[in-house]
file upload-v6.csv (CSV, C-alpha atoms)
chain,number,residue,atom,x,y,z
B,1,GLY,CA,-77.9,-8.6,79.8
B,2,HIS,CA,-81.5,-8.5,80.9
B,3,VAL,CA,-84.6,-10.4,79.5
B,4,GLY,CA,-87.1,-9.7,82.3
B,5,GLU,CA,-87.6,-10.2,86.0
B,6,ASP,CA,-88.2,-13.9,85.7
B,7,TYR,CA,-84.7,-14.8,84.5
B,8,ALA,CA,-81.2,-14.6,85.9
B,9,LEU,CA,-78.0,-14.1,83.9
B,10,MET,CA,-75.8,-17.2,84.4
B,11,THR,CA,-72.9,-16.2,82.2
B,12,GLU,CA,-71.8,-13.5,79.8
B,13,TYR,CA,-68.9,-14.0,77.4
B,14,GLN,CA,-67.5,-11.8,74.7
B,15,ARG,CA,-64.8,-12.7,72.2
B,16,GLY,CA,-64.2,-9.9,69.7
B,17,GLU,CA,-67.4,-9.2,67.8
B,18,MET,CA,-69.1,-12.3,69.2
B,19,VAL,CA,-71.0,-12.5,72.5
B,20,LEU,CA,-73.1,-15.1,74.3
B,21,TYR,CA,-75.5,-14.5,77.1
B,22,LEU,CA,-77.1,-17.4,79.0
B,23,PHE,CA,-80.1,-17.0,81.2
B,24,VAL,CA,-81.9,-19.4,83.5
B,25,ARG,CA,-85.4,-19.0,85.0
B,26,ASN,CA,-85.2,-17.8,88.6
B,27,ASP,CA,-86.8,-21.0,90.1
B,28,LEU,CA,-84.1,-23.1,88.5
B,29,THR,CA,-81.0,-21.1,89.5
B,30,SER,CA,-80.5,-23.0,92.7
B,31,VAL,CA,-80.0,-26.3,90.8
B,32,SER,CA,-78.1,-24.7,87.8
B,33,SER,CA,-74.4,-24.2,87.2
B,34,ILE,CA,-72.1,-23.3,84.4
B,35,THR,CA,-69.6,-26.2,84.0
B,36,GLY,CA,-67.6,-25.0,81.0
B,37,LEU,CA,-67.0,-22.0,78.8
B,38,GLN,CA,-64.7,-21.9,75.7
B,39,ALA,CA,-64.3,-20.0,72.5
B,40,GLN,CA,-62.6,-20.5,69.1
B,41,ASN,CA,-61.8,-17.9,66.5
B,42,CYS,CA,-61.8,-18.7,62.8
B,43,GLY,CA,-61.5,-15.3,61.2
B,44,LEU,CA,-58.4,-14.3,59.3
B,45,GLY,CA,-55.7,-16.8,60.2
B,46,SER,CA,-57.9,-18.3,62.9
B,47,VAL,CA,-57.0,-15.2,64.9
B,48,MET,CA,-59.6,-12.5,64.1
B,49,ALA,CA,-62.7,-12.9,66.3
B,50,ASN,CA,-65.2,-11.6,63.8
B,51,LYS,CA,-65.9,-15.3,62.9
B,52,GLY,CA,-65.9,-18.3,65.3
B,53,GLY,CA,-67.9,-19.7,68.1
B,54,ILE,CA,-68.6,-19.6,71.9
B,55,ALA,CA,-69.6,-22.7,73.8
B,56,ALA,CA,-71.2,-22.9,77.2
B,57,LEU,CA,-72.0,-26.0,79.2
B,58,LEU,CA,-74.9,-25.7,81.6
B,59,THR,CA,-76.2,-28.3,84.2
B,60,VAL,CA,-79.8,-27.9,85.3
B,61,GLY,CA,-80.7,-30.5,88.0
B,62,SER,CA,-79.7,-33.8,86.5
B,63,THR,CA,-79.7,-32.6,82.9
B,64,ARG,CA,-76.5,-31.4,81.1
B,65,LEU,CA,-77.0,-29.0,78.2
B,66,SER,CA,-74.6,-27.3,75.7
B,67,PHE,CA,-75.0,-24.1,73.8
B,68,LEU,CA,-72.7,-23.3,70.9
B,69,SER,CA,-73.2,-19.8,69.3
B,70,VAL,CA,-71.4,-19.5,65.9
B,71,HIS,CA,-70.7,-17.0,63.2
B,72,LEU,CA,-69.4,-18.6,60.1
B,73,ALA,CA,-67.8,-17.4,56.8
B,74,ALA,CA,-70.0,-15.3,54.6
B,75,GLY,CA,-70.4,-15.3,50.8
B,76,ASP,CA,-72.2,-17.1,48.0
B,77,GLY,CA,-70.8,-20.0,46.0
B,78,TYR,CA,-69.4,-23.4,46.6
B,79,THR,CA,-66.0,-22.2,47.8
B,80,HIS,CA,-67.7,-20.2,50.6
B,81,TYR,CA,-69.9,-23.2,51.4
B,82,GLU,CA,-66.9,-25.4,51.9
B,83,GLU,CA,-65.3,-22.6,54.1
B,84,ARG,CA,-68.4,-22.6,56.3
B,85,ASN,CA,-68.1,-26.4,56.7
B,86,ALA,CA,-64.4,-26.0,57.6
B,87,ASN,CA,-65.3,-23.2,60.1
B,88,MET,CA,-67.8,-25.4,61.9
B,89,GLY,CA,-65.3,-28.2,62.2
B,90,GLU,CA,-62.6,-25.8,63.6
B,91,ILE,CA,-65.1,-24.4,66.1
B,92,VAL,CA,-66.2,-27.8,67.4
B,93,ARG,CA,-62.6,-29.0,67.7
B,94,GLY,CA,-61.4,-25.7,69.3
B,95,THR,CA,-64.1,-25.9,72.0
B,96,ASN,CA,-63.4,-29.6,72.8
B,97,ASP,CA,-66.7,-30.6,71.1
B,98,PRO,CA,-69.2,-29.4,73.7
B,99,THR,CA,-71.9,-31.6,72.1
B,100,LEU,CA,-70.4,-34.9,73.3
B,101,HIS,CA,-70.8,-35.0,77.0
B,102,VAL,CA,-74.3,-33.6,77.4
B,103,HIS,CA,-77.9,-34.9,77.2
B,104,HIS,CA,-79.1,-32.1,74.8
B,105,ALA,CA,-77.0,-29.8,72.5
B,106,PHE,CA,-77.9,-26.7,70.7
B,107,VAL,CA,-76.0,-24.8,68.0
B,108,PHE,CA,-77.3,-21.4,66.8
B,109,GLY,CA,-76.3,-18.1,65.3
B,110,ASP,CA,-75.5,-16.6,61.9
B,111,LEU,CA,-74.3,-19.8,60.2
B,112,ASN,CA,-74.4,-17.9,56.9
B,113,TYR,CA,-75.5,-20.9,54.8
B,114,ARG,CA,-77.1,-19.7,51.6
B,115,PHE,CA,-79.7,-20.4,48.9
B,116,SER,CA,-77.7,-22.1,46.2
B,117,ILE,CA,-78.1,-24.3,43.1
B,118,PRO,CA,-75.6,-27.2,43.4
B,119,PRO,CA,-72.8,-27.3,40.8
B,120,SER,CA,-73.3,-29.4,37.7
B,121,SER,CA,-71.7,-32.9,37.5
B,122,ARG,CA,-68.7,-31.2,35.9
B,123,GLY,CA,-68.4,-28.8,38.9
B,124,ILE,CA,-69.7,-25.8,37.1
B,125,GLU,CA,-71.6,-23.4,39.3
B,126,SER,CA,-74.7,-21.5,38.2
B,127,PRO,CA,-74.1,-17.8,37.5
B,128,LYS,CA,-75.0,-15.6,40.4
B,129,ASP,CA,-77.6,-13.6,38.5
B,130,GLU,CA,-79.3,-16.8,37.4
B,131,THR,CA,-79.4,-18.1,41.0
B,132,LEU,CA,-80.7,-14.7,42.2
B,133,SER,CA,-83.5,-14.8,39.6
B,134,VAL,CA,-84.6,-18.3,40.7
B,135,CYS,CA,-84.5,-17.2,44.3
B,136,GLN,CA,-86.6,-14.0,43.7
B,137,THR,CA,-89.3,-16.1,42.0
B,138,ILE,CA,-89.4,-18.5,44.9
B,139,VAL,CA,-89.5,-15.8,47.5
B,140,GLY,CA,-92.2,-13.9,45.6
B,141,ALA,CA,-94.4,-17.0,45.5
B,142,LYS,CA,-93.5,-17.7,49.2
B,143,ASP,CA,-92.7,-21.3,48.1
B,144,TRP,CA,-90.7,-22.2,51.2
B,145,ALA,CA,-90.7,-25.9,50.5
B,146,THR,CA,-88.8,-25.3,47.3
B,147,MET,CA,-86.6,-22.8,49.1
B,148,GLY,CA,-85.7,-25.6,51.5
B,149,LYS,CA,-84.5,-27.8,48.6
B,150,HIS,CA,-81.9,-25.2,47.8
B,151,ASP,CA,-80.7,-24.7,51.4
B,152,GLU,CA,-77.0,-25.2,51.9
B,153,LEU,CA,-77.3,-26.1,55.6
B,154,GLY,CA,-79.8,-28.9,54.8
B,155,ARG,CA,-77.4,-30.2,52.2
B,156,ALA,CA,-74.4,-30.1,54.6
B,157,LEU,CA,-76.4,-32.0,57.3
B,158,ARG,CA,-77.6,-34.6,54.8
B,159,ASP,CA,-74.2,-35.2,53.5
B,160,GLY,CA,-72.6,-35.4,56.9
B,161,LYS,CA,-70.3,-32.5,56.3
B,162,ILE,CA,-71.1,-30.9,59.7
B,163,LEU,CA,-72.8,-31.6,63.0
B,164,VAL,CA,-73.6,-35.3,62.5
B,165,GLY,CA,-76.9,-36.2,64.3
B,166,PHE,CA,-78.1,-32.6,64.5
B,167,GLN,CA,-81.4,-31.4,63.0
B,168,THR,CA,-83.0,-28.1,62.3
B,169,HIS,CA,-86.5,-26.9,61.6
B,170,PRO,CA,-87.8,-27.4,58.1
B,171,ILE,CA,-87.9,-24.1,56.2
B,172,ARG,CA,-91.4,-22.8,56.5
B,173,THR,CA,-90.8,-19.0,56.9
B,174,CYS,CA,-89.2,-16.2,54.9
B,175,PRO,CA,-85.4,-15.9,54.5
B,176,THR,CA,-83.7,-13.9,57.3
B,177,TYR,CA,-81.0,-12.3,55.1
B,178,ARG,CA,-80.4,-9.8,53.4
B,179,CYS,CA,-83.0,-7.4,54.7
B,180,GLU,CA,-83.4,-3.7,54.8
B,181,ARG,CA,-82.8,-2.2,58.2
B,182,ARG,CA,-86.5,-1.5,59.1
B,183,GLU,CA,-89.4,-3.3,60.6
B,184,GLY,CA,-91.0,-5.9,58.3
B,185,VAL,CA,-89.2,-8.0,55.7
B,186,TYR,CA,-87.9,-6.2,52.7
B,187,TYR,CA,-85.0,-7.7,50.8
B,188,ASP,CA,-81.9,-6.0,49.4
B,189,TYR,CA,-81.5,-8.0,46.2
B,190,LYS,CA,-77.9,-7.1,45.9
B,191,ARG,CA,-77.5,-10.3,47.8
B,192,ILE,CA,-79.3,-13.6,47.4
B,193,PRO,CA,-82.0,-14.0,50.1
B,194,SER,CA,-81.1,-16.9,52.4
B,195,HIS,CA,-82.0,-18.5,55.7
B,196,THR,CA,-78.6,-17.7,57.2
B,197,ASP,CA,-79.8,-17.5,60.9
B,198,ARG,CA,-80.6,-20.9,62.4
B,199,ILE,CA,-81.0,-23.1,65.4
B,200,LEU,CA,-80.0,-26.8,65.5
B,201,TRP,CA,-80.4,-29.4,68.2
B,202,LYS,CA,-79.4,-32.9,69.1
B,203,SER,CA,-80.3,-35.3,71.9
B,204,VAL,CA,-78.0,-38.2,72.9
B,205,GLU,CA,-80.6,-40.0,75.0
B,206,GLU,CA,-83.2,-42.2,73.6
B,207,THR,CA,-86.4,-41.2,75.4
B,208,PRO,CA,-90.1,-41.7,74.5
B,209,ARG,CA,-90.2,-38.0,73.7
B,210,SER,CA,-87.2,-36.1,72.6
B,211,VAL,CA,-86.4,-32.4,72.1
B,212,GLU,CA,-89.2,-30.8,70.1
B,213,PRO,CA,-89.5,-27.2,68.7
B,214,LEU,CA,-92.7,-25.6,70.0
B,215,LEU,CA,-91.9,-22.2,68.3
B,216,TYR,CA,-89.4,-21.4,65.6
B,217,GLU,CA,-89.6,-18.2,63.7
B,218,PRO,CA,-87.8,-15.0,62.6
B,219,ILE,CA,-88.5,-11.7,64.2
B,220,PRO,CA,-89.6,-9.2,61.5
B,221,GLU,CA,-89.8,-6.3,63.9
B,222,PHE,CA,-86.0,-6.4,64.5
B,223,SER,CA,-84.6,-3.5,62.5
B,224,THR,CA,-81.0,-2.8,63.6
B,225,SER,CA,-79.3,-5.4,61.3
B,226,ASP,CA,-79.6,-6.7,57.8
B,227,HIS,CA,-80.4,-10.1,59.4
B,228,LYS,CA,-83.7,-11.0,61.0
B,229,PRO,CA,-82.8,-13.1,64.1
B,230,VAL,CA,-84.6,-16.4,64.8
B,231,ARG,CA,-86.2,-17.3,68.1
B,232,GLY,CA,-87.1,-20.8,69.3
B,233,VAL,CA,-89.0,-22.4,72.2
B,234,PHE,CA,-88.2,-26.1,72.8
B,235,PHE,CA,-89.6,-28.9,74.8
B,236,LEU,CA,-87.0,-30.9,76.8
B,237,PRO,CA,-87.9,-34.2,78.3
B,238,ASP,CA,-87.7,-34.5,82.0
B,239,ARG,CA,-84.8,-36.4,83.5
B,240,PRO,CA,-85.5,-37.7,87.1
B,241,PRO,CA,-82.3,-37.6,89.1
B,242,LEU,CA,-80.4,-40.8,89.6
B,243,ARG,CA,-80.3,-41.2,93.3
B,244,LEU,CA,-77.6,-43.5,94.5
B,245,ASP,CA,-76.2,-44.3,98.0
B,246,PRO,CA,-72.5,-43.4,97.7
B,247,GLU,CA,-71.6,-45.8,100.5
B,248,LYS,CA,-73.2,-48.8,98.8
B,249,THR,CA,-73.5,-48.2,95.1
B,250,VAL,CA,-71.2,-49.7,92.4
B,251,LEU,CA,-72.0,-49.1,88.7
B,252,ASN,CA,-70.7,-51.6,86.2
B,253,ILE,CA,-70.8,-50.4,82.6
B,254,ASN,CA,-70.5,-52.8,79.7
B,255,LEU,CA,-70.3,-51.3,76.1
B,256,ARG,CA,-70.4,-53.4,73.0
B,257,GLY,CA,-71.1,-53.4,69.2
B,258,PHE,CA,-69.1,-50.4,68.0
B,259,LYS,CA,-68.9,-49.3,64.4
B,260,CYS,CA,-67.8,-46.2,62.4
B,261,LYS,CA,-68.7,-45.1,58.9
B,262,TYR,CA,-67.0,-43.0,56.2
B,263,LEU,CA,-64.0,-41.8,58.3
B,264,LYS,CA,-62.1,-39.2,56.4
B,265,PRO,CA,-58.4,-38.8,57.0
B,266,SER,CA,-56.8,-35.4,57.1
B,267,ALA,CA,-55.3,-34.1,53.8
B,268,SER,CA,-51.8,-34.9,54.9
B,269,LEU,CA,-52.5,-38.6,55.2
B,270,LEU,CA,-52.8,-41.2,52.5
B,271,GLN,CA,-56.1,-43.0,52.1
B,272,GLY,CA,-54.6,-46.2,53.5
B,273,ASP,CA,-53.2,-44.5,56.6
B,274,VAL,CA,-56.5,-44.7,58.6
B,275,ASP,CA,-55.7,-46.8,61.7
B,276,THR,CA,-58.7,-46.5,64.0
B,277,TYR,CA,-59.5,-47.2,67.7
B,278,LEU,CA,-62.1,-45.8,70.1
B,279,ASP,CA,-61.1,-44.2,73.3
B,280,PHE,CA,-63.7,-43.8,76.1
B,281,ARG,CA,-63.7,-41.0,78.6
B,282,CYS,CA,-66.0,-39.9,81.3
B,283,GLU,CA,-67.5,-36.5,82.0
B,284,PRO,CA,-67.8,-34.9,84.5
B,285,SER,CA,-64.1,-35.5,85.3
B,286,LEU,CA,-64.9,-36.1,89.0
B,287,LEU,CA,-66.0,-39.6,88.0
B,288,GLU,CA,-63.2,-42.1,87.3
B,289,LEU,CA,-63.6,-45.0,84.9
B,290,LYS,CA,-61.7,-48.0,85.9
B,291,SER,CA,-61.3,-50.3,82.9
B,292,ASN,CA,-61.4,-54.0,83.3
B,293,ASP,CA,-58.8,-54.2,80.5
B,294,LYS,CA,-55.7,-53.0,82.3
B,295,GLU,CA,-53.6,-52.9,79.1
B,296,ARG,CA,-55.8,-50.7,76.9
B,297,ARG,CA,-57.5,-48.8,79.8
B,298,GLY,CA,-60.9,-48.1,78.1
B,299,ARG,CA,-59.7,-48.2,74.5
B,300,THR,CA,-60.6,-50.7,71.7
B,301,TYR,CA,-58.0,-52.5,69.7
B,302,THR,CA,-56.8,-50.8,66.6
B,303,ILE,CA,-58.1,-51.6,63.1
B,304,ASN,CA,-55.7,-50.8,60.3
B,305,SER,CA,-56.5,-49.2,56.9
B,306,SER,CA,-60.3,-49.1,57.2
B,307,HIS,CA,-62.7,-46.2,56.6
B,308,SER,CA,-65.7,-48.0,58.1
B,309,PRO,CA,-64.3,-50.1,61.0
B,310,SER,CA,-66.4,-52.2,63.4
B,311,TRP,CA,-65.8,-54.0,66.6
B,312,PRO,CA,-68.7,-56.4,66.8
B,313,ARG,CA,-67.4,-58.6,69.6
B,314,GLU,CA,-65.3,-56.1,71.5
B,315,ASP,CA,-66.4,-55.5,75.1
B,316,VAL,CA,-65.3,-52.4,77.0
B,317,ARG,CA,-66.1,-52.7,80.7
B,318,PHE,CA,-65.9,-50.0,83.3
B,319,ARG,CA,-66.6,-49.8,87.0
B,320,ILE,CA,-67.6,-46.7,88.9
B,321,ASP,CA,-67.5,-46.9,92.7
call {"tool": "encode", "arguments": {"input": "upload-v6.csv", "output": "structure tokens"}}
result
Amino acid sequence: GHVGEDYALMTEYQRGEMVLYLFVRNDLTSVSSITGLQAQNCGLGSVMANKGGIAALLTVGSTRLSFLSVHLAAGDGYTHYEERNANMGEIVRGTNDPTLHVHHAFVFGDLNYRFSIPPSSRGIESPKDETLSVCQTIVGAKDWATMGKHDELGRALRDGKILVGFQTHPIRTCPTYRCERREGVYYDYKRIPSHTDRILWKSVEETPRSVEPLLYEPIPEFSTSDHKPVRGVFFLPDRPPLRLDPEKTVLNINLRGFKCKYLKPSASLLQGDVDTYLDFRCEPSLLELKSNDKERRGRTYTINSSHSPSWPREDVRFRID
């Protein structure tokens, strides 16, 4: 992998038909390191590596970042939409959720979410030729705002089906699929044009200025695929390093006011079998959390049979020394 003299390749990982390259600017390589690299297949039988994801954890100075490249199930229609949602959950679980223990997380790739008209109240889907006709009219008028209203990815995010807390750029450019393999944007209308190729992001820190997209656009000149890849440039807030004297410093952490919403049990469980507790862990693993509660060791008490439990008065205290 090579993107110019100003960048150094930090890691290269290939799993079947999927590959992830991660580069860092040369002046940051001395303070950068790869701290994790995992992959998850979700092709046929969760074995084939034509679909799935690759996750990399990168530390730059005092900032921890995660990058999750994914390729989800293809196809139009509600069944394939649900399959994509399931793929994403399988990838996140199979890579130990790389979005949890970082300051900023990015998910990107061929997510394959399509332009669609939601099923009727009786669950009846619009015929494909009708959906294609509506989409052709919108694309011909370059009415990207209306295109966004029919975007499956936006619906999945709003409904909390995938990647809770993530956001993506509003649709303001042409669809990236299915294009003829030549420069420029010319659609093959055997498929419904869709914004299948996306970048999503999330920050876990509350800062005066969060992650912001400075550039987000497809690349029409790309001609070796029926997809037009998307590129993005993002602002990341500066994080001054936390400088502590290891001989003198003790950190006391007190966490309180926990609540969960709309927990969904697995299909094998009855609705009343949701018994919930929160378990706290620390990353990187070199730090050890010493819980003040010797019995539960960093875990809340269990609340039985609730889909939206809360622990308003529960304190979880830790000490790092």
call {"tool": "closest_atom_pairs", "arguments": {"input": "upload-v6.csv", "of": "stretch 225-265 of chain B", "to": "stretch 105-121 of chain B", "cutoff": "9 Å", "atoms": "all atoms listed in the file", "output": "CSV"}}
result
residue,atom,partner,partner_atom,distance
B:His227,CA,B:Asp110,CA,8.5
B:Pro229,CA,B:Gly109,CA,8.3
B:Val230,CA,B:Gly109,CA,8.5
call {"tool": "axis_aligned_box", "arguments": {"input": "upload-v6.csv", "around": "stretch 144-150 of chain B", "padding_each_side": "3 Å", "output": "JSON"}}
result
{"center_x": -86.3, "center_y": -25.0, "center_z": 49.4, "size_x": 14.8, "size_y": 11.6, "size_z": 10.2}
call {"tool": "closest_residue", "arguments": {"input": "upload-v6.csv", "among": "B:Gly232, B:Pro220, B:Gly165, B:Gly154", "to": "B:Val204", "atoms": "all atoms listed in the file"}}
result
B:Gly165
call {"tool": "closest_residue", "arguments": {"input": "upload-v6.csv", "among": "B:Gly4, B:Pro175, B:Pro213, B:Pro170", "to": "B:Lys228", "atoms": "all atoms listed in the file"}}
result
B:Pro175
call {"tool": "residues_around", "arguments": {"input": "upload-v6.csv", "residues": "B:Gly89", "least_positions_apart": "3", "cutoff": "9 Å", "atoms": "all atoms listed in the file", "output": "PyMOL selection string"}}
result
chain B and resi 84-86+92-94+161-163
call {"tool": "atom_distance", "arguments": {"input": "upload-v6.csv", "atom1": "atom CA of B:Thr63", "atom2": "atom CA of B:Met88"}}
result
25.2 Å
call {"tool": "residues_around", "arguments": {"input": "upload-v6.csv", "residues": "B:Leu28", "least_positions_apart": "5", "cutoff": "10 Å", "atoms": "all atoms listed in the file", "output": "PDB file with C-alpha atoms, keeping the file's coordinate frame"}}
result
ATOM      1  CA  TYR B   7     -84.700 -14.800  84.500  1.00  0.00           C
ATOM      2  CA  ALA B   8     -81.200 -14.600  85.900  1.00  0.00           C
ATOM      3  CA  SER B  33     -74.400 -24.200  87.200  1.00  0.00           C
ATOM      4  CA  VAL B  60     -79.800 -27.900  85.300  1.00  0.00           C
ATOM      5  CA  GLY B  61     -80.700 -30.500  88.000  1.00  0.00           C
TER       6      GLY B  61
END
call {"tool": "residues_around", "arguments": {"input": "upload-v6.csv", "residues": "stretch 300-311 of chain B", "least_positions_apart": "6", "cutoff": "9 Å", "atoms": "only C-alpha atoms", "output": "list in words"}}
result
Arg256, Gly257, Phe258, Lys259, Cys260, Lys261, Tyr262, Leu263, Lys264, Pro265, Gln271, Gly272, Asp273, Val274, Asp275, Thr276, Tyr277, Leu278, Asp279 and Phe280 of chain B
call {"tool": "write_last_selection", "arguments": {"input": "upload-v6.csv", "atoms": "C-alpha atoms", "output": "short mmCIF file (atom, residue, chain, number, x, y, z; two decimals), in the frame of the given file"}}
result
data_model
loop_
_atom_site.label_atom_id
_atom_site.label_comp_id
_atom_site.auth_asym_id
_atom_site.auth_seq_id
_atom_site.Cartn_x
_atom_site.Cartn_y
_atom_site.Cartn_z
CA ARG B 256 -70.40 -53.40 73.00
CA GLY B 257 -71.10 -53.40 69.20
CA PHE B 258 -69.10 -50.40 68.00
CA LYS B 259 -68.90 -49.30 64.40
CA CYS B 260 -67.80 -46.20 62.40
CA LYS B 261 -68.70 -45.10 58.90
CA TYR B 262 -67.00 -43.00 56.20
CA LEU B 263 -64.00 -41.80 58.30
CA LYS B 264 -62.10 -39.20 56.40
CA PRO B 265 -58.40 -38.80 57.00
CA GLN B 271 -56.10 -43.00 52.10
CA GLY B 272 -54.60 -46.20 53.50
CA ASP B 273 -53.20 -44.50 56.60
CA VAL B 274 -56.50 -44.70 58.60
CA ASP B 275 -55.70 -46.80 61.70
CA THR B 276 -58.70 -46.50 64.00
CA TYR B 277 -59.50 -47.20 67.70
CA LEU B 278 -62.10 -45.80 70.10
CA ASP B 279 -61.10 -44.20 73.30
CA PHE B 280 -63.70 -43.80 76.10
#
call {"tool": "atom_distance", "arguments": {"input": "upload-v6.csv", "atom1": "atom CA of B:Leu215", "atom2": "atom CA of B:Trp201"}}
result
13.6 Å
call {"tool": "atom_distance", "arguments": {"input": "upload-v6.csv", "atom1": "atom CA of B:Ala145", "atom2": "atom CA of B:Thr196"}}
result
16.1 Å
call {"tool": "residues_around", "arguments": {"input": "upload-v6.csv", "residues": "B:Ser194", "least_positions_apart": "2", "cutoff": "12 Å", "atoms": "only C-alpha atoms", "output": "PDB file with C-alpha atoms, keeping the file's coordinate frame"}}
result
ATOM      1  CA  ALA B  74     -70.000 -15.300  54.600  1.00  0.00           C
ATOM      2  CA  GLY B  75     -70.400 -15.300  50.800  1.00  0.00           C
ATOM      3  CA  ASP B  76     -72.200 -17.100  48.000  1.00  0.00           C
ATOM      4  CA  ASP B 110     -75.500 -16.600  61.900  1.00  0.00           C
ATOM      5  CA  LEU B 111     -74.300 -19.800  60.200  1.00  0.00           C
ATOM      6  CA  ASN B 112     -74.400 -17.900  56.900  1.00  0.00           C
ATOM      7  CA  TYR B 113     -75.500 -20.900  54.800  1.00  0.00           C
ATOM      8  CA  ARG B 114     -77.100 -19.700  51.600  1.00  0.00           C
ATOM      9  CA  PHE B 115     -79.700 -20.400  48.900  1.00  0.00           C
ATOM     10  CA  SER B 116     -77.700 -22.100  46.200  1.00  0.00           C
ATOM     11  CA  THR B 131     -79.400 -18.100  41.000  1.00  0.00           C
ATOM     12  CA  LEU B 132     -80.700 -14.700  42.200  1.00  0.00           C
ATOM     13  CA  CYS B 135     -84.500 -17.200  44.300  1.00  0.00           C
ATOM     14  CA  GLN B 136     -86.600 -14.000  43.700  1.00  0.00           C
ATOM     15  CA  ILE B 138     -89.400 -18.500  44.900  1.00  0.00           C
ATOM     16  CA  VAL B 139     -89.500 -15.800  47.500  1.00  0.00           C
ATOM     17  CA  TRP B 144     -90.700 -22.200  51.200  1.00  0.00           C
ATOM     18  CA  MET B 147     -86.600 -22.800  49.100  1.00  0.00           C
ATOM     19  CA  GLY B 148     -85.700 -25.600  51.500  1.00  0.00           C
ATOM     20  CA  HIS B 150     -81.900 -25.200  47.800  1.00  0.00           C
ATOM     21  CA  ASP B 151     -80.700 -24.700  51.400  1.00  0.00           C
ATOM     22  CA  GLU B 152     -77.000 -25.200  51.900  1.00  0.00           C
ATOM     23  CA  LEU B 153     -77.300 -26.100  55.600  1.00  0.00           C
ATOM     24  CA  ILE B 171     -87.900 -24.100  56.200  1.00  0.00           C
ATOM     25  CA  THR B 173     -90.800 -19.000  56.900  1.00  0.00           C
ATOM     26  CA  CYS B 174     -89.200 -16.200  54.900  1.00  0.00           C
ATOM     27  CA  PRO B 175     -85.400 -15.900  54.500  1.00  0.00           C
ATOM     28  CA  THR B 176     -83.700 -13.900  57.300  1.00  0.00           C
ATOM     29  CA  TYR B 177     -81.000 -12.300  55.100  1.00  0.00           C
ATOM     30  CA  ARG B 178     -80.400  -9.800  53.400  1.00  0.00           C
ATOM     31  CA  CYS B 179     -83.000  -7.400  54.700  1.00  0.00           C
ATOM     32  CA  TYR B 187     -85.000  -7.700  50.800  1.00  0.00           C
ATOM     33  CA  ASP B 188     -81.900  -6.000  49.400  1.00  0.00           C
ATOM     34  CA  TYR B 189     -81.500  -8.000  46.200  1.00  0.00           C
ATOM     35  CA  ARG B 191     -77.500 -10.300  47.800  1.00  0.00           C
ATOM     36  CA  ILE B 192     -79.300 -13.600  47.400  1.00  0.00           C
ATOM     37  CA  THR B 196     -78.600 -17.700  57.200  1.00  0.00           C
ATOM     38  CA  ASP B 197     -79.800 -17.500  60.900  1.00  0.00           C
ATOM     39  CA  ARG B 198     -80.600 -20.900  62.400  1.00  0.00           C
ATOM     40  CA  ASP B 226     -79.600  -6.700  57.800  1.00  0.00           C
ATOM     41  CA  HIS B 227     -80.400 -10.100  59.400  1.00  0.00           C
ATOM     42  CA  LYS B 228     -83.700 -11.000  61.000  1.00  0.00           C
TER      43      LYS B 228
END
call {"tool": "residues_around", "arguments": {"input": "upload-v6.csv", "residues": "B:Ser210", "least_positions_apart": "4", "cutoff": "9 Å", "atoms": "all atoms listed in the file", "output": "NGL selection string"}}
result
:B and (203 or 205-206 or 235-237)
call {"tool": "write_last_selection", "arguments": {"input": "upload-v6.csv", "atoms": "C-alpha atoms", "output": "PDB file, keeping the file's coordinate frame"}}
result
ATOM      1  CA  SER B 203     -80.300 -35.300  71.900  1.00  0.00           C
ATOM      2  CA  GLU B 205     -80.600 -40.000  75.000  1.00  0.00           C
ATOM      3  CA  GLU B 206     -83.200 -42.200  73.600  1.00  0.00           C
ATOM      4  CA  PHE B 235     -89.600 -28.900  74.800  1.00  0.00           C
ATOM      5  CA  LEU B 236     -87.000 -30.900  76.800  1.00  0.00           C
ATOM      6  CA  PRO B 237     -87.900 -34.200  78.300  1.00  0.00           C
TER       7      PRO B 237
END
